[in-house]
Every structure is written in C-alpha cells, then in structure tokens.
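Asker: Contents of entry14.cif (mmCIF, C-alpha atoms and all ligand atoms) are below:
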data_work
#
loop_
_atom_site.group_PDB
_atom_site.id
_atom_site.type_symbol
_atom_site.label_atom_id
_atom_site.label_comp_id
_atom_site.auth_asym_id
_atom_site.auth_seq_id
_atom_site.Cartn_x
_atom_site.Cartn_y
_atom_site.Cartn_z
ATOM 1 C CA MET M 485 24.729 -4.712 -4.748
ATOM 2 C CA GLU M 486 22.044 -5.768 -7.232
ATOM 3 C CA LEU M 487 20.908 -8.540 -4.892
ATOM 4 C CA GLY M 488 20.854 -6.162 -1.939
ATOM 5 C CA LEU M 489 18.705 -3.679 -3.847
ATOM 6 C CA ALA M 490 16.332 -6.437 -4.940
ATOM 7 C CA LEU M 491 16.026 -7.760 -1.375
ATOM 8 C CA PHE M 492 15.366 -4.255 -0.052
ATOM 9 C CA HIS M 493 12.664 -3.776 -2.704
ATOM 10 C CA TYR M 494 11.034 -7.135 -1.910
ATOM 11 C CA SER M 495 11.119 -6.603 1.861
ATOM 12 C CA THR M 496 9.562 -3.155 1.696
ATOM 13 C CA ILE M 497 6.828 -4.471 -0.621
ATOM 14 C CA LEU M 498 6.073 -7.436 1.642
ATOM 15 C CA LEU M 499 6.027 -5.252 4.744
ATOM 16 C CA THR M 500 3.664 -2.779 3.096
ATOM 17 C CA VAL M 501 1.292 -5.461 1.831
ATOM 18 C CA ALA M 502 1.315 -7.213 5.226
ATOM 19 C CA LEU M 503 0.235 -4.000 6.951
ATOM 20 C CA LEU M 504 -2.526 -3.495 4.390
ATOM 21 C CA VAL M 505 -3.740 -7.063 4.968
ATOM 22 C CA GLY M 506 -3.785 -6.135 8.675
ATOM 23 C CA GLU M 507 -6.079 -3.204 7.884
ATOM 24 C CA PHE M 508 -8.327 -5.494 5.888
ATOM 25 C CA LEU M 509 -8.587 -7.965 8.771
ATOM 26 C CA VAL M 510 -9.447 -5.205 11.235
ATOM 27 C CA LEU M 511 -12.122 -3.878 8.860
ATOM 28 C CA ARG M 512 -13.657 -7.347 8.596
ATOM 29 C CA LYS M 513 -14.624 -7.074 12.246
ATOM 30 C CA GLY M 514 -17.093 -4.381 13.220
ATOM 31 C CA PRO M 515 -16.089 -0.980 14.632
ATOM 32 C CA SER M 516 -14.588 -1.038 18.117
ATOM 33 C CA LYS M 517 -12.275 1.084 20.237
ATOM 34 C CA GLU M 518 -9.404 -1.369 19.708
ATOM 35 C CA GLY M 519 -10.163 -1.570 15.995
ATOM 36 C CA VAL M 520 -10.022 2.199 15.510
ATOM 37 C CA GLU M 521 -6.763 2.459 17.457
ATOM 38 C CA ARG M 522 -5.201 -0.511 15.677
ATOM 39 C CA ILE M 523 -6.189 0.509 12.160
ATOM 40 C CA ALA M 524 -4.869 4.052 12.678
ATOM 41 C CA ARG M 525 -1.531 2.578 13.807
ATOM 42 C CA LEU M 526 -1.442 0.085 10.928
ATOM 43 C CA ASP M 527 -2.072 2.913 8.501
ATOM 44 C CA ILE M 528 0.892 4.907 9.775
ATOM 45 C CA GLY M 529 3.044 1.826 9.191
ATOM 46 C CA TYR M 530 1.477 1.352 5.790
ATOM 47 C CA GLY M 531 2.355 4.954 4.854
ATOM 48 C CA ILE M 532 5.942 4.500 6.003
ATOM 49 C CA GLY M 533 6.124 1.182 4.127
ATOM 50 C CA ALA M 534 4.868 2.816 0.928
ATOM 51 C CA VAL M 535 7.526 5.530 1.193
ATOM 52 C CA LEU M 536 10.162 2.802 1.617
ATOM 53 C CA VAL M 537 8.801 1.004 -1.460
ATOM 54 C CA VAL M 538 9.325 4.200 -3.463
ATOM 55 C CA VAL M 539 12.831 4.657 -2.011
ATOM 56 C CA SER M 540 13.790 1.043 -2.762
ATOM 57 C CA GLY M 541 12.244 1.282 -6.241
ATOM 58 C CA LEU M 542 14.120 4.499 -7.029
ATOM 59 C CA LEU M 543 17.341 2.872 -5.827
ATOM 60 C CA ARG M 544 16.739 0.117 -8.369
ATOM 61 C CA VAL M 545 16.079 2.668 -11.097
ATOM 62 C CA PHE M 546 19.164 4.789 -10.391
ATOM 63 C CA GLY M 547 21.465 2.336 -8.642
ATOM 64 C CA GLY M 548 20.864 -0.916 -10.524
ATOM 65 C CA GLU M 549 22.869 -2.441 -13.383
ATOM 66 C CA ILE M 550 20.231 -1.430 -15.954
ATOM 67 C CA PRO M 551 20.605 2.268 -16.895
ATOM 68 C CA ALA M 552 17.816 4.576 -15.701
ATOM 69 C CA ALA M 553 17.113 5.630 -19.319
ATOM 70 C CA PHE M 554 15.906 2.084 -20.037
ATOM 71 C CA TRP M 555 13.148 2.474 -17.429
ATOM 72 C CA GLY M 556 12.275 5.973 -18.647
ATOM 73 C CA GLY M 557 11.246 4.540 -22.016
ATOM 74 C CA ASN M 558 9.615 1.381 -20.694
ATOM 75 C CA VAL M 559 5.824 1.244 -21.036
ATOM 76 C CA LEU M 560 5.473 -1.620 -18.557
ATOM 77 C CA PHE M 561 7.524 0.296 -15.991
ATOM 78 C CA TRP M 562 5.228 3.298 -16.360
ATOM 79 C CA SER M 563 2.157 1.052 -16.188
ATOM 80 C CA LYS M 564 3.539 -0.262 -12.917
ATOM 81 C CA MET M 565 4.050 3.308 -11.681
ATOM 82 C CA ALA M 566 0.499 4.202 -12.749
ATOM 83 C CA LEU M 567 -0.972 1.250 -10.833
ATOM 84 C CA PHE M 568 1.083 2.181 -7.794
ATOM 85 C CA GLY M 569 -0.301 5.713 -8.157
ATOM 86 C CA VAL M 570 -3.845 4.325 -8.226
ATOM 87 C CA ILE M 571 -3.079 2.425 -5.010
ATOM 88 C CA GLY M 572 -1.852 5.676 -3.457
ATOM 89 C CA ALA M 573 -5.009 7.486 -4.537
ATOM 90 C CA LEU M 574 -7.218 4.687 -3.177
ATOM 91 C CA SER M 575 -5.423 4.845 0.164
ATOM 92 C CA ALA M 576 -6.139 8.542 0.694
ATOM 93 C CA TRP M 577 -9.809 8.255 1.707
ATOM 94 C CA PRO M 578 -9.285 5.450 4.258
ATOM 95 C CA THR M 579 -6.414 7.444 5.822
ATOM 96 C CA ILE M 580 -8.653 10.512 6.158
ATOM 97 C CA ARG M 581 -11.382 8.395 7.793
ATOM 98 C CA TYR M 582 -9.005 6.593 10.184
ATOM 99 C CA LEU M 583 -7.603 9.922 11.376
ATOM 100 C CA ALA M 584 -11.089 11.365 11.869
ATOM 101 C CA TRP M 585 -12.218 8.256 13.774
ATOM 102 C CA ALA M 586 -9.146 8.274 16.006
ATOM 103 C CA LYS M 587 -9.711 11.965 16.739
ATOM 104 C CA ALA M 588 -13.396 11.445 17.602
ATOM 105 C CA LEU M 589 -12.555 8.455 19.794
ATOM 106 C CA LYS M 590 -10.020 10.519 21.711
ATOM 107 C CA ALA M 591 -12.348 13.522 22.010
ATOM 108 C CA ASP M 592 -15.537 11.862 23.269
ATOM 109 C CA GLY M 593 -15.117 8.096 22.976
ATOM 110 C CA SER M 594 -17.420 7.896 19.951
ATOM 111 C CA LEU M 595 -17.116 5.090 17.409
ATOM 112 C CA PRO M 596 -17.806 5.134 13.658
ATOM 113 C CA ASP M 597 -21.119 3.605 12.575
ATOM 114 C CA ASP M 598 -21.238 0.258 10.788
ATOM 115 C CA ARG M 599 -21.953 1.757 7.398
ATOM 116 C CA SER M 600 -18.981 4.127 7.238
ATOM 117 C CA TRP M 601 -16.770 1.335 8.591
ATOM 118 C CA ARG M 602 -17.933 -1.112 5.894
ATOM 119 C CA ARG M 603 -17.596 1.511 3.157
ATOM 120 C CA LEU M 604 -13.811 1.430 3.451
ATOM 121 C CA LYS M 605 -13.552 -2.285 2.666
ATOM 122 C CA PRO M 606 -13.624 -1.942 -1.153
ATOM 123 C CA PHE M 607 -10.899 0.728 -0.968
ATOM 124 C CA VAL M 608 -8.581 -1.607 0.912
ATOM 125 C CA HIS M 609 -9.634 -4.687 -1.046
ATOM 126 C CA THR M 610 -8.932 -3.033 -4.408
ATOM 127 C CA GLN M 611 -5.516 -1.878 -3.235
ATOM 128 C CA LEU M 612 -4.673 -5.458 -2.260
ATOM 129 C CA ALA M 613 -5.805 -6.743 -5.654
ATOM 130 C CA LEU M 614 -3.600 -4.182 -7.414
ATOM 131 C CA PHE M 615 -0.640 -5.204 -5.264
ATOM 132 C CA VAL M 616 -1.118 -8.713 -6.651
ATOM 133 C CA VAL M 617 -1.158 -7.472 -10.274
ATOM 134 C CA ILE M 618 1.934 -5.218 -10.060
ATOM 135 C CA PRO M 619 4.546 -8.013 -9.737
ATOM 136 C CA PHE M 620 3.394 -9.451 -13.097
ATOM 137 C CA LEU M 621 4.280 -6.137 -14.738
ATOM 138 C CA ALA M 622 7.493 -5.973 -12.714
ATOM 139 C CA PHE M 623 8.697 -9.376 -13.923
ATOM 140 C CA LEU M 624 7.866 -8.580 -17.551
ATOM 141 C CA MET M 625 9.278 -5.057 -17.639
ATOM 142 C CA GLY M 626 12.930 -6.167 -17.480
ATOM 143 C CA ASP M 627 12.688 -8.268 -20.675
HETATM 144 C C1 LIG C 1 7.911 3.960 -7.042
HETATM 145 C C2 LIG C 1 7.709 2.677 -6.988
HETATM 146 C C3 LIG C 1 8.567 1.624 -7.669
HETATM 147 C C4 LIG C 1 9.688 1.760 -8.456
HETATM 148 C C5 LIG C 1 10.395 3.035 -8.875
HETATM 149 C C6 LIG C 1 10.097 0.415 -8.823
HETATM 150 C C7 LIG C 1 11.183 0.098 -9.617
HETATM 151 C C8 LIG C 1 11.623 -1.169 -9.900
HETATM 152 C C9 LIG C 1 12.793 -1.508 -10.705
HETATM 153 C C10 LIG C 1 13.696 -0.503 -11.410
HETATM 154 C C11 LIG C 1 12.913 -2.851 -10.715
HETATM 155 C C12 LIG C 1 14.038 -3.631 -11.391
HETATM 156 C C13 LIG C 1 13.606 -4.550 -12.451
HETATM 157 C C14 LIG C 1 14.757 -5.287 -13.075
HETATM 158 O O1 LIG C 1 15.927 -5.017 -12.736
HETATM 159 O O2 LIG C 1 14.464 -6.120 -13.943
HETATM 160 C C15 LIG C 1 11.819 -3.383 -9.937
HETATM 161 C C16 LIG C 1 11.590 -4.730 -9.727
HETATM 162 C C17 LIG C 1 10.478 -5.245 -9.119
HETATM 163 N N1 LIG C 1 9.463 -4.527 -8.550
HETATM 164 FE FE1 LIG C 1 9.373 -2.520 -8.374
HETATM 165 N N2 LIG C 1 9.228 -0.487 -8.254
HETATM 166 C C18 LIG C 1 8.271 0.210 -7.556
HETATM 167 C C19 LIG C 1 7.198 -0.313 -6.879
HETATM 168 C C20 LIG C 1 6.878 -1.648 -6.832
HETATM 169 C C21 LIG C 1 5.709 -2.206 -6.225
HETATM 170 C C22 LIG C 1 4.628 -1.407 -5.517
HETATM 171 C C23 LIG C 1 5.754 -3.566 -6.408
HETATM 172 C C24 LIG C 1 4.831 -4.665 -5.997
HETATM 173 C C25 LIG C 1 3.647 -4.598 -5.575
HETATM 174 C C26 LIG C 1 6.964 -3.858 -7.116
HETATM 175 C C27 LIG C 1 7.367 -5.134 -7.448
HETATM 176 C C28 LIG C 1 8.541 -5.436 -8.073
HETATM 177 C C29 LIG C 1 8.982 -6.772 -8.338
HETATM 178 C C30 LIG C 1 8.242 -8.072 -7.970
HETATM 179 C C31 LIG C 1 10.199 -6.672 -8.988
HETATM 180 C C32 LIG C 1 10.997 -7.896 -9.386
HETATM 181 C C33 LIG C 1 11.680 -8.038 -10.554
HETATM 182 C C34 LIG C 1 13.091 -8.325 -10.210
HETATM 183 O O3 LIG C 1 13.476 -8.408 -9.030
HETATM 184 O O4 LIG C 1 13.846 -8.416 -11.169
HETATM 185 N N3 LIG C 1 7.628 -2.678 -7.362
HETATM 186 N N4 LIG C 1 11.062 -2.333 -9.451
#
Output the structure of this file as structure tokens.
Ligand code: HEM
Answerer:
Amino acid sequence: MELGLALFHYSTILLTVALLVGEFLVLRKGPSKEGVERIARLDIGYGIGAVLVVVSGLLRVFGGEIPAAFWGGNVLFWSKMALFGVIGALSAWPTIRYLAWAKALKADGSLPDDRSWRRLKPFVHTQLALFVVIPFLAFLMGD
C-alpha cells in the first residue's frame, strides 16, 4: 500500500514536470500556430497532472503509515505546500495567456507577438526551479 502510494505520487510528479518542460521547450521557439496549439494542450495536461499530484499527496497524508497529525504539525511539510502554492500561482498567468492566444488564433488566425511570448519564459522557468527544490523538503520532512 505504502509503496503503491509512493509510486503514484512519484508518477504524477514526473508527469506534471515533464509537461511543464514541454511548455518550456515550446516557449524557447518563437510564436507559431503549432506552438500556440501545442502549448495550450500541454497546459491542460499540466493542470490535470497538478490535480493528480494533490490527490496523490493527500492520499499519502491520509492513507499512509504516518498519521496525518504528524504532517499537520510539520514545518517542512507546510513549506513544501507553500512552494507548491507558489508554483500554482506562477502558473495562473501563463494559463490565461495560452487560452487567450488559442482563442485569437481560432477567431482570426492571429499569433502573439514575440515580446508577450518571451515574457512567459520566467514564469515557466521559475516553476521548474521550484519543482527541483521541493523534493529536498520532501525527503527531509519525514525525519
Ligand atoms: C498537495 C501536494 C502534496 C502533498 C499533500 C504531498 C504529501 C506528501 C507526503 C505525505 C509524503 C510522504 C512522506 C513520507 O512518508 O515520508 C510525500 C512524499 C514526497 N513528496 Fe509530496 N506532496 C505534495 C506535493 C509534492 C510535490 C509537488 C512534489 C515534488 C515536486 C513532491 C515530492 C515528494 C517526494 C520526492 C516525496 C518522497 C519522500 C518519500 O517518498 O518518502 N510532493 N508527499
């Protein structure tokens, strides 16, 4: 059971990060019709992945061997939650832009300009960096 929960948590995290890396790679190229369509699709997957991360994390909190009360009083656990919250907040603006771009592309075939495209890179880049930091907290928080 414990192993299953851990594997579920790891797989959802890896899936989510992989989709975010995909967004980053698309952003590295300039704006294009394919890019707008692809990044909007990747972002839907990323959103679903993030929800699954929360589900798998909550299963570990409430379904693992360690009682949930231990996590409730664990500063590192809450730091991890806070960082995950920051990632969520940082993902909001790109999602809004992707949806607007996809809508404009559908309506009249217009593409975003270079500047607004490039502006999203730090949002995605910072999220990726935070995803690298979180596992350090996760490994320490059980001790
Ligand atoms: C709502 C979101 C999350 C919740 C509620 C949650 C909860 C948990 C819990 C309870 C554990 C068990 C630790 C143990 O038994 O020692 C755990 C382990 C872990 N979590 Fe999360 N987590 C969440 C999000 C994340 C994210 C976003 C990442 C990575 C980017 C992450 C990475 C890890 C890692 C690497 C472990 C491994 C430690 C182990 O398997 O023992 N978690 N998580």
Asker: Give as a list in words the residues that the PyMOL selection byres (((chain M and resi 503-512) around 8) and not hetatm) matches when applied to the coordinates above.
Answerer: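 Going through the file, the PyMOL selection byres (((chain M and resi 503-512) around 8) and not hetatm) ends up selecting Leu499, Thr500, Val501, Ala502, Lys513, Gly514, Pro515, Gly519, Arg522, Ile523, Leu526, Asp527, Gly529, Tyr530, Trp601, Arg602, Leu604, Lys605, Val608, His609 and Leu612 of chain M.
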Asker: Got a sec to resolve the PyMOL selection byres (((not hetatm)) within 7 of (chain C and resi 1)) on this structure and send the residues as a ChimeraX atom specification?
Answerer: /M:490,493-494,497,537-538,541-542,544-545,548,550,555,565,568,615-616,618-619,622-623,625-626
Asker: Considering all atoms listed in the file, state which residue in the set M:Leu491, M:Leu595, M:Met485, M:Ala573 is at the smallest distance from M:Ser516.
Answerer: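 Nearest candidate to M:Ser516 out of M:Leu491, M:Leu595, M:Met485, M:Ala573: M:Leu595.
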Asker: In Å, rounded to a single decimal, give me how far atom CA of M:Arg599 is from atom CA of M:Leu574.
Answerer: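 That distance, rounded to one decimal, is 18.4 Å.
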Asker: Using all atoms listed in the file, pick whichever of M:Leu589, M:Glu486, M:Thr496, M:Ser575 has the shortest atom-to-atom distance to M:Gly547.
Answerer: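 Smallest distance to M:Gly547 is found for M:Glu486.
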Asker: Pick the closest to M:Lys517 from M:Ala588, M:Leu614, M:Leu543, M:Ala566: which is it, counting all atoms listed in the file?
Answerer: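 Smallest distance to M:Lys517 is found for M:Ala588.
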Asker: Build an axis-aligned box that encloses every atom of stretch 528-535 of chain M listed in the file, pad it by 3 Å on each side, and report its centre and edge lengths in Å to one decimal, as lines of an AutoDock Vina configuration file.
Answerer:
center_x = 4.2
center_y = 3.4
center_z = 5.4
size_x = 12.6
size_y = 10.3
size_z = 14.8
Asker: So how many Å separate atom CA of M:Val539 and atom CA of M:Phe492, to one decimal?
Answerer: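 Atom CA of M:Phe492 lies at a distance of 9.5 Å from atom CA of M:Val539.
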Asker: Report the distance between atom CA of M:Asp598 and atom CA of M:Gly572 in Å, rounded to one decimal place.
Answerer: 24.7 Å
Asker: Of the residues M:Tyr582, M:Arg603, M:Gly593, M:Lys564, which is the one nearest to M:Val617, using all atoms listed in the file?
Answerer: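 Closest candidate: M:Lys564.
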Asker: Excluding M:Ala584 and its own-chain neighbours fewer than 5 positions away, which residues fall within 10 Å of it when counting all atoms listed in the file? Please give them as a ChimeraX atom specification.
Answerer: /M:520,524,578-579,589-590,596
